[in-house]
Structures are given as structure tokens and as C-alpha cells.
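Colleague: Dropping in input.cif, which is mmCIF, C-alpha atoms:
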data_work
loop_
_atom_site.label_atom_id
_atom_site.label_comp_id
_atom_site.auth_asym_id
_atom_site.auth_seq_id
_atom_site.Cartn_x
_atom_site.Cartn_y
_atom_site.Cartn_z
CA MET A 1 19.64 -2.76 -0.89
CA VAL A 2 16.88 -4.08 -3.11
CA GLU A 3 16.57 -2.74 -6.63
CA PRO A 4 13.51 -0.48 -7.12
CA TRP A 5 12.18 -2.51 -10.05
CA ILE A 6 12.04 -5.61 -7.85
CA VAL A 7 9.86 -3.75 -5.36
CA LEU A 8 7.62 -2.44 -8.15
CA VAL A 9 7.13 -5.95 -9.50
CA ALA A 10 6.76 -7.64 -6.12
CA LEU A 11 4.37 -5.15 -4.53
CA PRO A 12 1.29 -5.85 -6.70
CA ILE A 13 1.88 -9.60 -6.37
CA VAL A 14 2.13 -9.38 -2.58
CA LEU A 15 -0.95 -7.14 -2.44
CA TYR A 16 -3.00 -9.47 -4.61
CA PHE A 17 -2.19 -12.52 -2.54
CA THR A 18 -2.70 -10.78 0.81
CA ARG A 19 -6.07 -9.53 -0.43
CA ALA A 20 -7.03 -13.00 -1.69
CA ILE A 21 -5.97 -14.64 1.58
CA GLY A 22 -7.87 -12.00 3.57
CA VAL A 23 -11.05 -12.51 1.56
CA VAL A 24 -10.88 -16.29 1.80
CA LEU A 25 -10.16 -16.27 5.53
CA SER A 26 -12.82 -13.64 6.23
CA SER A 27 -15.47 -15.92 4.75
CA TYR A 28 -14.83 -18.29 7.68
CA VAL A 29 -15.20 -15.54 10.30
CA ALA A 30 -18.53 -14.31 11.63
CA GLU A 31 -19.97 -11.12 10.07
CA ASP A 32 -19.89 -9.13 13.31
CA SER A 33 -16.39 -10.21 14.32
CA PRO A 34 -13.68 -7.54 14.55
CA TYR A 35 -11.28 -10.01 12.94
CA ARG A 36 -13.21 -9.85 9.67
CA SER A 37 -12.44 -6.18 9.09
CA THR A 38 -8.81 -6.82 10.01
CA LEU A 39 -8.53 -9.55 7.39
CA LEU A 40 -10.00 -7.28 4.74
CA ILE A 41 -7.40 -4.55 5.29
CA LEU A 42 -4.39 -6.84 4.87
CA PRO A 43 -3.31 -5.19 1.57
CA ILE A 44 -2.89 -1.77 3.18
CA CYS A 45 -0.81 -3.42 5.90
CA ALA A 46 1.43 -4.97 3.25
CA MET A 47 1.81 -1.60 1.50
CA MET A 48 2.69 0.11 4.73
CA ALA A 49 5.37 -2.50 5.38
CA PHE A 50 6.92 -1.53 2.03
CA PHE A 51 6.52 2.24 2.20
CA ILE A 52 6.75 3.49 5.77
CA PRO A 53 10.36 2.49 6.61
CA GLY A 54 11.67 4.09 3.43
CA ALA A 55 9.50 7.17 3.71
CA LEU A 56 10.47 7.85 7.31
CA LYS A 57 14.15 7.75 6.38
CA GLY A 58 13.55 9.64 3.15
CA SER A 59 13.32 13.25 2.18
CA LEU A 60 10.45 15.62 2.84
CA LEU A 61 9.16 14.87 -0.67
CA GLU A 62 8.98 11.14 0.05
CA GLN A 63 7.18 11.77 3.32
CA ALA A 64 4.72 14.06 1.54
CA MET A 65 4.02 11.37 -1.08
CA LEU A 66 3.31 8.89 1.73
CA VAL A 67 0.69 11.29 3.06
CA VAL A 68 -0.77 11.63 -0.47
CA PHE A 69 -0.84 7.84 -0.77
CA LEU A 70 -2.70 7.50 2.54
CA VAL A 71 -5.21 10.23 1.65
CA VAL A 72 -5.94 8.65 -1.74
CA PHE A 73 -6.39 5.25 -0.11
CA TRP A 74 -8.66 6.76 2.54
CA PHE A 75 -10.98 8.28 -0.06
CA THR A 76 -10.89 5.59 -2.76
CA ASN A 77 -10.36 2.47 -0.63
CA ASN A 78 -8.47 1.11 -3.62
CA SER A 79 -4.93 -0.08 -2.93
CA ILE A 80 -3.86 -0.21 -6.58
CA VAL A 81 -5.02 3.34 -7.38
CA SER A 82 -3.36 4.71 -4.26
CA MET A 83 -0.14 2.87 -5.07
CA VAL A 84 -0.09 4.21 -8.62
CA VAL A 85 -0.79 7.76 -7.42
CA GLY A 86 1.86 7.56 -4.69
CA ILE A 87 4.63 6.04 -6.79
CA GLY A 88 3.67 8.05 -9.87
CA GLY A 89 3.64 11.28 -7.91
CA LEU A 90 7.01 10.53 -6.38
CA LEU A 91 8.53 9.70 -9.76
CA ALA A 92 7.01 12.77 -11.38
CA ALA A 93 8.24 15.03 -8.59
CA LYS A 94 11.76 13.60 -8.75
CA PHE A 95 11.95 14.05 -12.53
CA LEU A 96 10.47 17.56 -12.46
CA LEU A 97 12.60 18.84 -9.57
#
Take the structure in this file and express it as C-alpha cells.

Modeller:
Amino acid sequence: MVEPWIVLVALPIVLYFTRAIGVVLSSYVAEDSPYRSTLLILPICAMMAFFIPGALKGSLLEQAMLVVFLVVFWFTNNSIVSMVVGIGGLLAAKFLL
């Protein structure tokens, strides 16, 4: 199993590079192409690859924090804010409970 600190360090790096690659590649795709919007949502796909397998195997609290993460991302459209809220909420809940 991977240490949690490795995931916390790797996740922003992976998100940054997937976002950068998506932005660069989307500049070569036509404005009205459905592929353009797909390239721009690459960071959320990378986050889901990190979070969903663990959350589905996890406790009810972890599944609830995944829902919170998705709701925050839906409203803010900011992957970093949603990641901080999701991980921060999970850590706060685990320390308080």
C-alpha cells in the first residue's frame, strides 16, 4: 500500500500536469469540438482515479467526503479547492470522531 503522504504530494503534481497538458492540447482542437471539453476536465478525471477506488472500499465517512468533494467541485469548478475541502474534511472528521 502507498503511504498517504506520497499521495498527498503526488496528487497536486499530477493534477497540475494533466491540466497543463489538457490546456495545451485543447488549443489544437476546434472550439466546437466535444474533445475540447474532455481535455479541459482531465484534472477531475485524475482526482477520481485517486479517490474513487479508496472511497468505495472505505467507510461511510469516506464515501460521504467523496460526495462533499464532488459537490464542491461542481459549484466551484476548482480542483485544488475541492481537494483541500475533501481531504481536510476527512482528516478533521477522523480526528474529531

Colleague: Quick one: everything within 12 Å of range 62-73 of chain A, counting all atoms listed in the file, minus sequence neighbours fewer than 2 positions away in the same chain. Send it as a CSV table (one decimal) with C-alpha atoms, in the coordinates of the input.

Modeller:
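And here's result.csv as it stands now:
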chain,number,residue,atom,x,y,z
A,41,ILE,CA,-7.4,-4.6,5.3
A,43,PRO,CA,-3.3,-5.2,1.6
A,44,ILE,CA,-2.9,-1.8,3.2
A,45,CYS,CA,-0.8,-3.4,5.9
A,47,MET,CA,1.8,-1.6,1.5
A,48,MET,CA,2.7,0.1,4.7
A,50,PHE,CA,6.9,-1.5,2.0
A,51,PHE,CA,6.5,2.2,2.2
A,52,ILE,CA,6.8,3.5,5.8
A,53,PRO,CA,10.4,2.5,6.6
A,54,GLY,CA,11.7,4.1,3.4
A,55,ALA,CA,9.5,7.2,3.7
A,56,LEU,CA,10.5,7.8,7.3
A,57,LYS,CA,14.2,7.8,6.4
A,58,GLY,CA,13.6,9.6,3.2
A,59,SER,CA,13.3,13.2,2.2
A,60,LEU,CA,10.4,15.6,2.8
A,75,PHE,CA,-11.0,8.3,-0.1
A,76,THR,CA,-10.9,5.6,-2.8
A,77,ASN,CA,-10.4,2.5,-0.6
A,78,ASN,CA,-8.5,1.1,-3.6
A,79,SER,CA,-4.9,-0.1,-2.9
A,80,ILE,CA,-3.9,-0.2,-6.6
A,81,VAL,CA,-5.0,3.3,-7.4
A,82,SER,CA,-3.4,4.7,-4.3
A,83,MET,CA,-0.1,2.9,-5.1
A,84,VAL,CA,-0.1,4.2,-8.6
A,85,VAL,CA,-0.8,7.8,-7.4
A,86,GLY,CA,1.9,7.6,-4.7
A,87,ILE,CA,4.6,6.0,-6.8
A,88,GLY,CA,3.7,8.0,-9.9
A,89,GLY,CA,3.6,11.3,-7.9
A,90,LEU,CA,7.0,10.5,-6.4
A,91,LEU,CA,8.5,9.7,-9.8
A,92,ALA,CA,7.0,12.8,-11.4
A,93,ALA,CA,8.2,15.0,-8.6
A,94,LYS,CA,11.8,13.6,-8.8

Colleague: Of the candidates A:Tyr35, A:Pro4, A:Val9, A:Leu42, which one gets nearest to Ile21 in chain A if we count all atoms listed in the file?

Modeller: A:Leu42

Colleague: Kindly give the distance, in Å, that separates CA of Pro12 in chain A and CA of Val29 in chain A, rounded to a single decimal.

Modeller: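 Interatomic distance here is 25.6 Å.
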
Colleague: For a test of reading the model, state the distance in Å between CA of Thr38 in chain A and CA of Ser26 in chain A, rounded to one decimal.

Modeller: 8.8 Å
